[in-house]
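One structure below.
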Amino acid sequence: MSKLEVKPENHKIFIFKKIFEFESAKQQAEKKKLNAFGMFAKFNPLKRPTDETVLLKEQILRYEPFWFVASKRILNYTCAVTYPIPVHNPHAVSLSIKNDPSQNIYPVARQNDKTKVDMPVIEHCHRVVEFSNYFDGLKREVKTQVFTDYIKKFGHNEVEQVELENVLQPILSVDSLTSIVRSELQNQVINASNIEEDSEEITSLYLYFRPVYAFEYHWSTADKVGVIEVDGLTGEIIENGNWFKNTFDQTFTRDNLIELSAELASTVVPGAGTVVKIANKVITQ
């Protein structure tokens with residue numbers, strides 16, 4: 001049985017400051033608005049969106065979450081193994097260990113030109129298994145490099161609370177994230193006769209919020225809506241985007257983040273399993 005430790009000082013919240021302003025993002029979105037309804041609609045010869053039939057319905061600056069988590073698993077264990085030890089004296093028929101109170105005798109085995117003694121020993125081992133990664137808070141397939149580039153290239157400030165409007169709640173909750181982490185840590189094969197210590201710790205649990213503009217367009221002749229997203233940091237345009245609605249209804253704080261994982265420290269789980277009970281009080285799936 002093992003516990004997953006999450007220390008309060010390892011929890012942090014960061015907010016990125018937008019690079020692109022609303023008007024600049026809107027101009028970029030207007031250029032791509034006809035693509036908001038998919039490629040099939042754009043190239044449909046019978047009915048396709050036009051500048052006259054596609055009009056801006058809503059616009060918003062929202063803050064999207066992504067996670068960074070770092071963790072480690074510390075193991076102290078023993079292995080009962082047999083070491084083949086070469087014997088160089090051609091006349092030796094057995095060996096004993098000097099000052100060994102058990103006075104065990106180990107016979108010398110000879111095969112062809114090789115001579116050895118099979119010595120049973122106990123290996124005392126210490127191992128640290130580490131895992132870290134970035135995760136999109138909205139459960140989209142986003143490459144890790146995208147998030148590391150945000151960190152390297154754009155300014156972000158650590159805050160105690162998020163006082164912005166339109167802050168999206170992570171769909172990837174703390175308990176789901178922790179299950180992923182534990183699965184990675186537990187997935188390592190440990191060849192042990194006896195495990196003396198098996199402890200796990202999340203060394204970093206960081207929640208980042210980045211600015212994204214979303215522009216919702218209405219295609220009147222088809223009575224459809226589509227969304228163009230503009231990254232508030234890079235200016236990258238995402239066609240056929242999403243209009244997320246799961247925003248926080250109250251200020252989200254670092255204390256909330258600590259509360260979400262506080263129960264982890266007392267959660268006992270099987271050594272090869274995943275979390276069976278994690279706090280999930282503010283961020284929900």
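Residue names in the structure tokens use chain letters A, B, ... in the order shown, residue numbers from 1 in each chain, and ligand numbers from 1 in the order shown.
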*Report the residues of region 48-279 of chain A whose backbone DSSP state falls under strand (DSSP E), written as a ChimeraX atom specification.*
/A:54-86,94-95,106-107,109-111,114-136,156-159,161-162,194-219,224-231,237-238,252-253,268-269
_With only C-alpha atoms as the counted atoms, please give the residues lying no more than 12 Å from Lys114 (chain A), apart from itself and same-chain residues fewer than 6 positions off, as a list in words._
Pro84, Ile85, Pro86, Val87, His88, Asn89, Pro90 and Val108 of chain A
If you take only C-alpha atoms and a cut-off of 10 Å, which residues of region 40-137 of chain A touch region 196-212 of chain A, and what are their nearest atom pairs and distances in Å to one decimal, in chain and number order, as a tab-separated table?
```
residue	atom	partner	partner_atom	distance
A:Ile60	CA	A:Val212	CA	8.4
A:Leu61	CA	A:Val212	CA	5.8
A:Arg62	CA	A:Val212	CA	5.5
A:Tyr63	CA	A:Pro211	CA	4.6
A:Glu64	CA	A:Phe209	CA	5.2
A:Pro65	CA	A:Phe209	CA	4.5
A:Phe66	CA	A:Tyr208	CA	5.3
A:Trp67	CA	A:Leu207	CA	4.8
A:Phe68	CA	A:Tyr206	CA	5.1
A:Val69	CA	A:Leu205	CA	4.8
A:Ala70	CA	A:Ser204	CA	4.9
A:Ser71	CA	A:Ile202	CA	4.2
A:Lys72	CA	A:Glu201	CA	5.5
A:Arg73	CA	A:Glu200	CA	4.3
A:Ile74	CA	A:Ser199	CA	5.3
A:Leu75	CA	A:Asp198	CA	4.7
A:Asn76	CA	A:Glu197	CA	4.9
A:Tyr77	CA	A:Glu196	CA	5.1
A:Thr78	CA	A:Glu196	CA	7.6
A:His124	CA	A:Glu196	CA	9.9
A:Cys125	CA	A:Glu196	CA	9.8
A:His126	CA	A:Glu197	CA	9.3
A:Arg127	CA	A:Asp198	CA	9.7
A:Val128	CA	A:Glu200	CA	9.6
A:Val129	CA	A:Glu200	CA	9.1
A:Glu130	CA	A:Glu200	CA	9.6
A:Phe131	CA	A:Ile202	CA	9.3
A:Ser132	CA	A:Ser204	CA	8.7
A:Tyr134	CA	A:Tyr206	CA	9.4
A:Phe135	CA	A:Leu207	CA	9.8
A:Asp136	CA	A:Tyr208	CA	9.7
A:Gly137	CA	A:Leu207	CA	8.7
```
*Check the DSSP output for the backbone and give back, as a VMD selection string, the residues of region 89-197 of chain A in alpha helix (DSSP H).*
chain A and resid 144 to 153 174 to 186
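Among the candidates A:Val121, A:Leu95, A:Leu55, A:Ile237, the one nearest to Leu34 (chain A) when counting only C-alpha atoms is A:Leu55.
Shortest separation to Ala80 (chain A) among A:Thr53, A:Ile195, A:Arg48, A:Phe20 occurs at residue A:Ile195, atoms counted being only C-alpha atoms.
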*Work out how far apart CA of Glu229 (chain A) and CA of Leu172 (chain A) are and give it in Å to one decimal.*
20.6 Å
_Shortest interatomic distance to Thr234 (chain A) - which of A:Glu163, A:Tyr213, A:Asn194, A:Asn112, counting only C-alpha atoms_ = A:Tyr213
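In this model, the gap between CA of Lys98 (chain A) and CA of Val81 (chain A) comes to 20.3 Å.
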*Please, what distance in Å, to one decimal, runs between CA of Gly232 (chain A) and CA of Ser176 (chain A)?*
27.6 Å
